[in-house]
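Chemist: my_file-v9.txt is reproduced below (compact mmCIF, C-alpha atoms).
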# COMPACT_ATOMS: atom_id res chain seq x y z
CA MET M 14 -11.37 6.51 11.60
CA ALA M 15 -13.67 7.10 8.65
CA GLY M 16 -13.06 4.63 5.88
CA PHE M 17 -11.98 1.66 7.96
CA ALA M 18 -13.88 -1.58 7.66
CA PRO M 19 -16.85 -1.81 10.07
CA GLU M 20 -15.35 -4.76 11.92
CA VAL M 21 -12.23 -2.69 12.68
CA LEU M 22 -14.29 0.18 14.08
CA GLU M 23 -16.16 -2.22 16.36
CA LEU M 24 -12.89 -3.86 17.35
CA LEU M 25 -11.33 -0.55 18.38
CA LYS M 26 -14.34 0.32 20.54
CA SER M 27 -14.30 -3.03 22.30
CA PRO M 28 -12.64 -3.49 25.72
CA ARG M 29 -11.63 -7.02 24.73
CA ALA M 30 -7.97 -7.33 23.73
CA GLY M 31 -4.95 -9.57 24.03
CA ALA M 32 -4.86 -13.32 23.61
CA GLY M 33 -8.33 -14.79 23.55
CA GLY M 34 -10.06 -11.44 22.96
CA GLY M 35 -11.99 -12.58 19.88
CA MET M 36 -14.85 -10.78 18.22
CA PRO M 37 -17.24 -11.70 15.41
CA HIS M 38 -16.95 -10.93 11.69
CA GLY M 39 -13.39 -11.62 10.56
CA SER M 40 -12.15 -11.00 7.03
CA MET M 41 -13.34 -14.40 5.80
CA GLY M 42 -16.73 -14.14 7.52
CA GLY M 43 -15.71 -16.12 10.62
CA PRO M 44 -14.75 -14.84 14.09
CA ILE M 45 -11.95 -12.34 14.50
CA GLY M 46 -9.00 -13.90 16.29
CA ASP M 47 -6.79 -12.32 18.94
CA ILE M 48 -6.27 -8.58 19.29
CA PHE M 49 -2.84 -7.22 20.22
CA TYR M 50 -1.81 -3.62 20.84
CA VAL M 51 1.52 -1.93 20.04
CA ASN M 52 2.73 1.43 21.39
CA GLY M 53 6.15 2.64 20.28
CA GLY M 54 5.99 5.46 22.82
CA ALA M 55 7.60 8.44 21.10
CA ASP M 56 7.34 10.39 24.38
CA GLY M 57 9.44 7.77 26.21
CA VAL M 58 6.70 7.32 28.83
CA THR M 59 3.83 5.46 27.20
CA ALA M 60 5.99 2.95 25.32
CA GLY M 61 4.97 -0.66 25.59
CA VAL M 62 7.28 -3.56 26.41
CA ASP M 63 7.54 -6.77 24.43
CA THR M 64 7.27 -8.78 27.63
CA ASN M 65 3.80 -7.30 28.22
CA PRO M 66 0.68 -9.31 27.32
CA GLY M 67 -0.13 -6.97 24.42
CA THR M 68 -3.40 -5.64 25.84
CA LYS M 69 -4.64 -2.06 25.46
CA ASP M 70 -3.36 -1.17 28.93
CA LEU M 71 -0.14 -3.19 28.64
CA PRO M 72 0.86 -3.05 24.97
CA PHE M 73 3.84 -4.49 23.14
CA LEU M 74 6.62 -2.22 21.93
CA THR M 75 7.14 -3.66 18.44
CA ILE M 76 5.03 -4.93 15.56
CA GLU M 77 7.56 -7.70 14.95
CA HIS M 78 6.93 -9.14 18.42
CA ALA M 79 3.18 -8.80 18.02
CA LEU M 80 3.41 -10.75 14.76
CA SER M 81 5.28 -13.50 16.59
CA GLN M 82 2.26 -13.89 18.90
CA CYS M 83 -0.23 -14.27 16.04
CA THR M 84 -1.57 -17.57 14.72
CA ASN M 85 -1.65 -18.49 11.05
CA ASP M 86 -5.00 -17.96 9.29
CA HIS M 87 -6.65 -16.83 12.55
CA ASP M 88 -7.68 -13.26 11.59
CA ASP M 89 -5.58 -11.75 14.36
CA TYR M 90 -5.42 -7.94 14.60
CA ILE M 91 -2.48 -5.76 15.67
CA ILE M 92 -3.54 -2.22 16.63
CA CYS M 93 -0.65 0.29 16.62
CA TRP M 94 -0.82 3.64 18.41
CA ASN M 95 2.61 4.78 17.35
CA THR M 96 5.58 2.92 16.01
CA TYR M 97 8.70 5.02 16.50
CA ASN M 98 10.74 2.38 18.32
CA GLN M 99 10.58 -0.48 15.84
CA ASP M 100 13.91 -2.29 16.01
CA THR M 101 13.55 -4.60 13.00
CA PHE M 102 13.03 -3.70 9.34
CA PRO M 103 11.68 -4.90 7.10
CA ILE M 104 8.67 -5.99 9.11
CA THR M 105 7.92 -9.32 7.46
CA MET M 106 4.43 -10.75 7.19
CA THR M 107 4.83 -14.53 7.46
CA LEU M 108 1.31 -15.66 8.46
CA ASP M 109 -1.97 -15.67 6.53
CA SER M 110 -4.89 -13.45 7.61
CA VAL M 111 -3.09 -10.98 9.87
CA HIS M 112 -4.26 -7.35 10.04
CA VAL M 113 -1.86 -4.54 11.06
CA ILE M 114 -3.74 -1.27 11.68
CA GLY M 115 -2.25 2.09 12.66
CA VAL M 116 -4.36 4.56 14.64
CA ALA M 117 -3.59 7.82 16.45
CA GLY M 118 -2.15 7.00 19.87
CA PRO M 119 -2.92 8.51 23.27
CA ASP M 120 -0.32 11.25 22.60
CA GLY M 121 -1.83 12.04 19.18
CA SER M 122 1.17 10.74 17.25
CA TRP M 123 0.80 9.47 13.70
CA PRO M 124 2.14 5.93 13.34
CA ALA M 125 5.25 6.13 11.15
CA LEU M 126 7.35 3.27 9.81
CA GLU M 127 10.78 4.30 8.59
CA GLY M 128 12.64 1.43 6.94
CA ALA M 129 15.28 3.88 5.72
CA ASP M 130 16.35 4.53 9.32
CA VAL M 131 17.99 1.09 9.55
CA GLY M 132 19.22 0.64 5.98
CA ASP M 133 18.06 0.39 2.40
CA VAL M 134 15.06 -1.88 3.07
CA PRO M 135 11.26 -1.72 2.81
CA ALA M 136 9.16 -0.99 5.86
CA PHE M 137 6.97 -4.05 5.11
CA ASP M 138 7.52 -7.13 3.05
CA PHE M 139 5.68 -10.42 2.74
CA GLY M 140 6.76 -14.04 2.72
CA VAL M 141 6.08 -15.78 -0.59
CA GLY M 142 2.58 -17.24 -0.50
CA VAL M 143 1.38 -15.30 2.56
CA GLU M 144 -2.27 -14.47 1.82
CA ASN M 145 -5.16 -12.31 2.97
CA CYS M 146 -3.22 -9.76 5.04
CA GLU M 147 -4.13 -6.14 5.66
CA ILE M 148 -1.98 -3.04 6.29
CA ALA M 149 -3.68 0.29 7.00
CA GLY M 150 -3.24 3.62 8.71
CA PHE M 151 0.54 4.28 8.53
CA ASN M 152 3.02 6.79 7.19
CA ILE M 153 5.49 4.51 5.42
CA SER M 154 8.98 5.01 4.03
CA GLY M 155 11.49 2.65 2.43
CA GLY M 156 15.08 3.03 1.23
CA ALA M 157 17.08 4.67 -1.52
CA THR M 158 16.60 1.64 -3.79
CA SER M 159 13.79 -0.06 -1.86
CA PRO M 160 10.01 0.40 -1.87
CA CYS M 161 7.85 1.21 1.11
CA ILE M 162 6.03 -2.14 0.71
CA ASP M 163 7.24 -5.13 -1.31
CA ILE M 164 4.52 -7.64 -2.30
CA PRO M 165 5.86 -10.92 -3.80
CA SER M 166 4.47 -13.97 -5.54
CA GLY M 167 1.52 -15.64 -3.85
CA ALA M 168 0.67 -12.78 -1.47
CA ASN M 169 -2.86 -12.98 -2.79
CA MET M 170 -5.72 -10.87 -1.44
CA THR M 171 -3.39 -8.39 0.26
CA TRP M 172 -5.29 -5.22 1.22
CA ILE M 173 -3.35 -1.93 1.54
CA HIS M 174 -5.42 1.12 2.46
CA HIS M 175 -5.40 4.51 4.20
CA CYS M 176 -1.61 4.82 4.17
CA THR M 177 0.70 7.67 3.15
CA PHE M 178 3.81 6.64 1.21
CA GLY M 179 6.99 8.72 1.17
CA HIS M 180 5.98 11.71 3.31
CA ASP M 181 8.96 14.02 3.61
CA TRP M 182 8.70 14.05 7.41
CA PHE M 183 9.36 10.34 7.58
CA GLY M 184 12.08 9.50 5.03
CA GLY M 185 12.13 8.53 1.40
CA ALA M 186 11.83 5.48 -0.79
CA GLN M 187 12.45 4.53 -4.38
CA ASP M 188 8.86 3.31 -4.94
CA GLY M 189 5.62 3.22 -2.99
CA ILE M 190 4.47 -0.37 -3.64
CA VAL M 191 6.36 -2.94 -5.72
CA LEU M 192 4.47 -5.96 -7.05
CA CYS M 193 6.96 -8.68 -7.99
CA ALA M 194 5.62 -12.17 -8.65
CA LEU M 195 8.83 -13.73 -10.00
CA GLY M 196 8.57 -17.50 -10.14
CA GLY M 197 4.82 -17.51 -9.61
CA SER M 198 1.76 -15.28 -9.71
CA LEU M 199 -0.03 -12.68 -7.63
CA ARG M 200 -3.81 -12.25 -7.52
CA ASN M 201 -6.56 -10.01 -6.16
CA VAL M 202 -4.52 -7.38 -4.35
CA ILE M 203 -6.51 -4.27 -3.33
CA ILE M 204 -4.77 -0.89 -3.06
CA GLU M 205 -7.16 1.91 -2.11
CA ASP M 206 -7.48 5.25 -0.34
CA ASN M 207 -3.73 5.93 -0.14
CA TRP M 208 -1.47 8.93 -0.77
CA PHE M 209 1.76 8.55 -2.79
CA LEU M 210 4.11 11.53 -2.47
CA GLY M 211 6.88 12.15 -5.00
CA ASP M 212 9.89 14.38 -4.51
CA THR M 213 9.14 16.95 -7.21
CA PHE M 214 6.50 19.01 -5.39
CA ALA M 215 8.40 19.30 -2.07
CA CYS M 216 5.75 17.16 -0.38
CA GLY M 217 7.41 13.76 -0.37
CA LYS M 218 10.42 11.63 -1.16
CA ILE M 219 9.41 8.78 -3.48
CA THR M 220 11.95 9.07 -6.28
CA ALA M 221 10.48 6.69 -8.90
CA TYR M 222 7.04 5.00 -9.09
CA GLY M 223 3.94 5.00 -6.93
CA ILE M 224 2.82 1.45 -7.83
CA VAL M 225 4.96 -0.67 -10.16
CA GLN M 226 4.98 -4.28 -11.34
CA THR M 227 8.56 -5.55 -11.69
CA GLY M 228 8.17 -9.27 -12.31
CA GLY M 229 5.95 -12.29 -12.81
CA GLY M 230 2.28 -12.53 -13.68
CA ILE M 231 -0.33 -10.47 -11.83
CA GLN M 232 -4.10 -10.79 -12.12
CA GLY M 233 -7.06 -8.94 -10.70
CA LEU M 234 -5.57 -5.87 -9.04
CA THR M 235 -7.99 -3.27 -7.72
CA ILE M 236 -6.41 0.21 -7.58
CA ARG M 237 -8.99 2.82 -6.61
CA ARG M 238 -9.41 6.18 -4.86
CA ASN M 239 -5.67 6.82 -4.51
CA TYR M 240 -3.90 10.18 -4.76
CA PHE M 241 -0.56 10.57 -6.53
CA PHE M 242 1.62 13.69 -6.27
CA GLY M 243 4.69 14.32 -8.39
CA LEU M 244 5.91 10.77 -9.06
CA ALA M 245 8.94 11.39 -11.29
CA SER M 246 8.97 8.04 -13.13
CA GLY M 247 5.22 7.52 -13.11
CA ALA M 248 2.30 6.87 -10.79
CA ILE M 249 1.06 3.40 -11.91
CA LYS M 250 3.13 1.17 -14.21
CA LEU M 251 1.91 -2.37 -14.98
CA GLY M 252 2.67 -5.00 -17.60
CA ASP M 253 5.86 -3.39 -18.92
CA PRO M 254 8.58 -5.92 -19.84
CA GLY M 255 11.02 -3.02 -19.78
CA VAL M 256 10.99 -3.19 -15.96
CA GLY M 257 10.72 -6.98 -15.82
CA ALA M 258 6.94 -7.38 -15.68
CA GLY M 259 5.19 -10.48 -16.97
CA GLY M 260 1.48 -10.82 -17.70
CA SER M 261 -0.76 -8.20 -16.16
CA ASP M 262 -4.43 -9.06 -16.58
CA MET M 263 -7.96 -8.11 -15.56
CA HIS M 264 -7.16 -5.16 -13.31
CA VAL M 265 -9.62 -2.47 -12.21
CA ILE M 266 -8.05 1.01 -12.03
CA VAL M 267 -10.70 3.58 -11.13
CA GLU M 268 -11.27 6.93 -9.38
CA ASN M 269 -7.61 7.81 -8.89
CA TYR M 270 -6.24 11.38 -8.98
CA PHE M 271 -2.83 12.37 -10.33
CA GLY M 272 -0.80 15.54 -9.92
CA CYS M 273 1.72 14.79 -12.67
CA ALA M 274 5.42 15.44 -12.23
CA VAL M 275 6.18 15.92 -15.92
CA ASP M 276 4.26 16.45 -19.15
CA GLN M 277 4.68 13.12 -20.92
CA ASP M 278 2.66 10.17 -22.18
CA GLY M 279 1.75 7.56 -19.56
CA ILE M 280 2.98 9.52 -16.55
CA ALA M 281 -0.26 8.74 -14.64
CA ILE M 282 -1.22 5.22 -15.84
CA PHE M 283 1.01 3.09 -18.06
CA LEU M 284 -0.19 -0.32 -19.24
CA GLY M 285 2.59 -2.16 -21.04
CA SER M 286 2.50 -4.75 -23.79
CA GLN M 287 1.92 -7.55 -21.27
CA SER M 288 -1.38 -6.05 -20.06
CA TYR M 289 -4.74 -7.48 -21.08
CA GLY M 290 -8.39 -7.16 -20.08
CA CYS M 291 -7.91 -4.21 -17.72
CA LEU M 292 -10.75 -1.80 -16.97
CA VAL M 293 -9.64 1.82 -16.53
CA GLY M 294 -12.14 4.57 -15.77
CA ALA M 295 -13.05 7.74 -13.83
CA ASN M 296 -9.41 8.75 -13.31
CA GLU M 297 -8.27 12.38 -13.42
CA ALA M 298 -4.78 13.68 -14.16
CA GLN M 299 -3.23 17.11 -14.62
CA MET M 300 0.07 18.96 -14.35
CA GLY M 301 -0.39 22.45 -12.98
CA ARG M 302 -3.31 24.63 -14.08
CA ASP M 303 -2.72 24.70 -17.83
CA VAL M 304 -3.42 22.11 -20.52
CA MET M 305 -0.66 19.51 -20.77
CA ALA M 306 0.84 20.52 -24.11
CA ILE M 307 2.91 17.46 -24.99
CA GLY M 308 1.77 14.22 -23.44
CA VAL M 309 -1.38 12.24 -22.70
CA PRO M 310 -1.05 11.10 -19.06
CA TYR M 311 -2.40 7.62 -19.91
CA GLU M 312 -0.68 5.05 -22.13
CA ASP M 313 -1.71 1.62 -23.42
CA GLN M 314 0.87 -0.49 -25.25
CA GLY M 315 -1.41 -3.50 -25.65
CA ALA M 316 -0.96 -5.43 -28.90
CA THR M 317 -4.42 -4.47 -30.18
CA ALA M 318 -6.88 -1.65 -29.55
CA ASN M 319 -9.23 -4.05 -27.75
CA ASP M 320 -6.75 -5.50 -25.23
CA ASN M 321 -7.81 -3.15 -22.43
CA HIS M 322 -11.00 -1.19 -21.76
CA TRP M 323 -10.68 2.57 -21.30
CA MET M 324 -13.74 4.41 -20.00
CA SER M 325 -14.03 8.12 -19.24
CA ASN M 326 -10.63 9.33 -18.01
CA GLN M 327 -9.73 13.00 -17.81
CA GLN M 328 -6.74 15.19 -18.48
CA GLY M 329 -7.72 18.33 -16.65
CA ASP M 330 -11.38 18.83 -17.57
CA THR M 331 -11.12 17.00 -20.90
CA MET M 332 -11.87 13.35 -21.54
CA VAL M 333 -8.96 11.68 -23.33
CA TYR M 334 -8.10 8.26 -24.68
CA PRO M 335 -4.70 6.78 -23.92
CA HIS M 336 -1.62 7.23 -26.03
CA SER M 337 -0.77 3.96 -27.77
Turn the structure described in the file into structure tokens.

Modeler:
Amino acid sequence: MAGFAPEVLELLKSPRAGAGGGMPHGSMGGPIGDIFYVNGGADGVTAGVDTNPGTKDLPFLTIEHALSQCTNDHDDYIICWNTYNQDTFPITMTLDSVHVIGVAGPDGSWPALEGADVGDVPAFDFGVGVENCEIAGFNISGGATSPCIDIPSGANMTWIHHCTFGHDWFGGAQDGIVLCALGGSLRNVIIEDNWFLGDTFACGKITAYGIVQTGGGIQGLTIRRNYFFGLASGAIKLGDPGVGAGGSDMHVIVENYFGCAVDQDGIAIFLGSQSYGCLVGANEAQMGRDVMAIGVPYEDQGATANDNHWMSNQQGDTMVYPHS
């Protein structure tokens, strides 16, 4: 459980659960709302039932049902032991301030969400304008042309952390996380402490990007302490009109590590011509054990040299500035 927010650790140790089981210190500084438990029961014995009250001893079966019991902007938590028997994908976040947390269940199973099992859909998506939600602690897949998680316009202050995207045990996806703010804007999303597994190193099945902006204007992303392996199209791609992106401003991209799939410019971090005011530092990228002979793994297509701020970023053990 290392790395989870302190309030989540206290929540998991508390005997209080189910409707009315509130605790102090929610995400906005107020009291945590209701706590519901989900157990998909891979062993066929411990599975919950959606007619249960959703307590630790009598959990629900599905995340979708647990979401239906939550209250908007109430800081409700859904704690998932395992999630094999989810019957609805994508799982759609429709309420503000809901937290969906995966933890190892009583049988030791990793919580896995496999959108590809039921069609070419994401595992999670968000309603337009749904804010301040958290997803953590899952192995997540998507579909052949779908991401693992789709974050649309207005899903501000979304927090995605401690997840693995595209693990080859749990099915593939086109992209890890798609940020698409068509018709609006998207602000202050945090993506941290995740693994993104591409299909080129036999460790995963993401076939395109780790994190990609495909539409609309996005401001204030924080992308930090993530690990990217073999993403064939690129690990992080923001502000590129070539894939439909609009403005992409004031992001912080720090302390990420990249095992590059190919030796080419921008394969680790690509900031397109619509990017401005981004701070990029303390990232490390390399392909194999030798010096990348052709490309610089970082690229900045900003209109001027001062559009974005590049600190100390490494290619292997050498500090490099981005290709432009």

Chemist: Excluding same-chain residues fewer than 6 positions from region 205-221 of chain M, what lies within 6 Å of it counting only C-alpha atoms, as a VMD selection string?

Modeler: chain M and resid 174 to 181 185 to 188 236 to 246

Chemist: Considering all atoms listed in the file, can you say which of M:Ile307, M:Ala316, M:Ile203, M:Leu192 comes closest to Ile266 (chain M)?

Modeler: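 Ranking M:Ile307, M:Ala316, M:Ile203, M:Leu192 by distance to Ile266 (chain M), first place goes to M:Ile203.
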
Chemist: So how far away is CA of Gly197 (chain M) from CA of Ile282 (chain M), in Å?

Modeler: 24.3 Å

Chemist: So what do you get for CA of Val267 (chain M) versus CA of Gly294 (chain M), distance-wise?

Modeler: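 Computing the Euclidean distance for CA of Val267 (chain M) and CA of Gly294 (chain M) yields 5.0 Å.
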
Chemist: Just give me the gap between CA of Ile104 (chain M) and CA of Trp182 (chain M) in Å, one decimal is fine.

Modeler: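 We find that CA of Ile104 (chain M) and CA of Trp182 (chain M) lie 20.1 Å from each other.
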
Chemist: Nearest residue to Asp70 (chain M) out of M:Asp253, M:Asp88, M:Tyr50, M:Asp109, using all atoms listed in the file?

Modeler: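 The closest residue to Asp70 (chain M) is M:Tyr50.
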
Chemist: Could you give me, as a compact mmCIF listing (two decimals) with C-alpha atoms, in the frame of the given file, the residues within 8 Å of Val293 (chain M), counting only C-alpha atoms and dropping anything in the same chain fewer than 6 positions from it?

Modeler:
# COMPACT_ATOMS: atom_id res chain seq x y z
CA VAL M 265 -9.62 -2.47 -12.21
CA ILE M 266 -8.05 1.01 -12.03
CA VAL M 267 -10.70 3.58 -11.13
CA ASN M 321 -7.81 -3.15 -22.43
CA HIS M 322 -11.00 -1.19 -21.76
CA TRP M 323 -10.68 2.57 -21.30
CA MET M 324 -13.74 4.41 -20.00
CA ASN M 326 -10.63 9.33 -18.01

Chemist: Hey, what's within 8 Å of Gln327 (chain M) if we count only C-alpha atoms and toss same-chain stuff fewer than 5 positions away? As an MDAnalysis selection string, please?

Modeler: chainID M and resid 295:298 332:333

Chemist: Extract, using all atoms listed in the file, all DNA, RNA and protein residues at most 12 Å from Gly329 (chain M), discarding same-chain residues fewer than 4 positions from it, and format them as a list of chain:residue names.

Modeler: M:Tyr270, M:Phe271, M:Gly272, M:Cys273, M:Asn296, M:Glu297, M:Ala298, M:Gln299, M:Met300, M:Gly301, M:Arg302, M:Asp303, M:Val304, M:Met305, M:Ala306, M:Val309, M:Pro310, M:Val333

Chemist: Any idea what's packed within 7 Å of Pro72 (chain M), counting all atoms listed in the file, ignoring anything in its chain fewer than 6 positions away? Could you give it as a list in words?

Modeler: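 The residues satisfying every condition are Tyr50, Val51, Asn52, Gly61, Val62, Asn65 and Pro66 of chain M.
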
Chemist: Which is closest to Gly167 (chain M) among M:Leu199, M:Ala248, M:Ile190, M:Ala79, if we use only C-alpha atoms?

Modeler: M:Leu199

Chemist: How would region 229-313 of chain M look written as a short mmCIF file (atom, residue, chain, number, x, y, z; two decimals), in the first residue's frame with C-alpha atoms?

Modeler:
data_model
loop_
_atom_site.label_atom_id
_atom_site.label_comp_id
_atom_site.auth_asym_id
_atom_site.auth_seq_id
_atom_site.Cartn_x
_atom_site.Cartn_y
_atom_site.Cartn_z
CA GLY M 229 -9.34 20.49 -27.25
CA GLY M 230 -7.37 22.68 -24.88
CA ILE M 231 -5.60 21.23 -21.85
CA GLN M 232 -3.95 23.17 -19.04
CA GLY M 233 -1.94 22.27 -15.98
CA LEU M 234 -1.24 18.55 -16.35
CA THR M 235 1.10 16.97 -13.83
CA ILE M 236 2.83 13.86 -15.23
CA ARG M 237 5.43 12.55 -12.79
CA ARG M 238 7.18 9.37 -11.64
CA ASN M 239 5.74 7.18 -14.40
CA TYR M 240 7.49 4.31 -16.19
CA PHE M 241 7.11 3.75 -19.93
CA PHE M 242 8.23 0.57 -21.71
CA GLY M 243 8.35 0.16 -25.47
CA LEU M 244 5.54 2.49 -26.58
CA ALA M 245 5.72 2.16 -30.38
CA SER M 246 4.19 5.56 -31.29
CA GLY M 247 5.55 7.44 -28.29
CA ALA M 248 5.26 7.68 -24.53
CA ILE M 249 3.88 11.23 -23.99
CA LYS M 250 2.46 13.30 -26.87
CA LEU M 251 0.85 16.68 -26.13
CA GLY M 252 -0.10 19.75 -28.15
CA ASP M 253 0.26 18.14 -31.58
CA PRO M 254 -2.37 19.31 -34.10
CA GLY M 255 -1.43 16.29 -36.19
CA VAL M 256 -3.46 14.10 -33.80
CA GLY M 257 -6.17 16.72 -33.23
CA ALA M 258 -4.78 18.46 -30.15
CA GLY M 259 -5.57 22.07 -29.35
CA GLY M 260 -3.72 24.27 -26.86
CA SER M 261 -1.56 22.46 -24.33
CA ASP M 262 -0.27 24.82 -21.65
CA MET M 263 1.54 25.00 -18.32
CA HIS M 264 2.18 21.29 -17.78
CA VAL M 265 4.71 19.81 -15.36
CA ILE M 266 6.42 16.67 -16.74
CA VAL M 267 9.06 15.46 -14.29
CA GLU M 268 10.87 12.35 -13.01
CA ASN M 269 9.57 9.95 -15.65
CA TYR M 270 11.58 7.01 -17.03
CA PHE M 271 11.40 5.75 -20.62
CA GLY M 272 12.56 2.50 -22.19
CA CYS M 273 12.23 3.64 -25.80
CA ALA M 274 10.77 1.42 -28.48
CA VAL M 275 12.63 3.01 -31.39
CA ASP M 276 15.55 5.38 -31.91
CA GLN M 277 13.82 8.56 -33.08
CA ASP M 278 13.26 12.16 -32.06
CA GLY M 279 10.46 12.73 -29.54
CA ILE M 280 9.78 9.07 -28.79
CA ALA M 281 9.75 9.78 -25.02
CA ILE M 282 8.24 13.30 -24.75
CA PHE M 283 6.79 15.17 -27.71
CA LEU M 284 5.47 18.72 -27.25
CA GLY M 285 3.75 19.92 -30.41
CA SER M 286 3.30 23.38 -31.84
CA GLN M 287 0.26 24.02 -29.63
CA SER M 288 2.26 23.61 -26.40
CA TYR M 289 3.30 26.59 -24.29
CA GLY M 290 4.71 27.26 -20.83
CA CYS M 291 5.44 23.62 -19.97
CA LEU M 292 8.13 22.69 -17.45
CA VAL M 293 10.03 19.49 -18.32
CA GLY M 294 12.80 18.18 -16.09
CA ALA M 295 14.54 15.22 -14.41
CA ASN M 296 13.32 12.72 -17.02
CA GLU M 297 15.50 9.84 -18.24
CA ALA M 298 15.20 7.97 -21.54
CA GLN M 299 17.21 5.27 -23.28
CA MET M 300 16.88 2.49 -25.84
CA GLY M 301 18.94 -0.54 -24.89
CA ARG M 302 22.43 -0.16 -23.44
CA ASP M 303 24.11 1.82 -26.21
CA VAL M 304 23.92 5.50 -27.12
CA MET M 305 20.88 6.29 -29.25
CA ALA M 306 22.60 7.01 -32.56
CA ILE M 307 19.86 8.77 -34.51
CA GLY M 308 17.25 10.52 -32.42
CA VAL M 309 16.89 12.72 -29.35
CA PRO M 310 14.07 11.17 -27.29
CA TYR M 311 12.60 14.61 -26.50
CA GLU M 312 11.06 17.00 -29.03
CA ASP M 313 9.69 20.54 -28.77
#
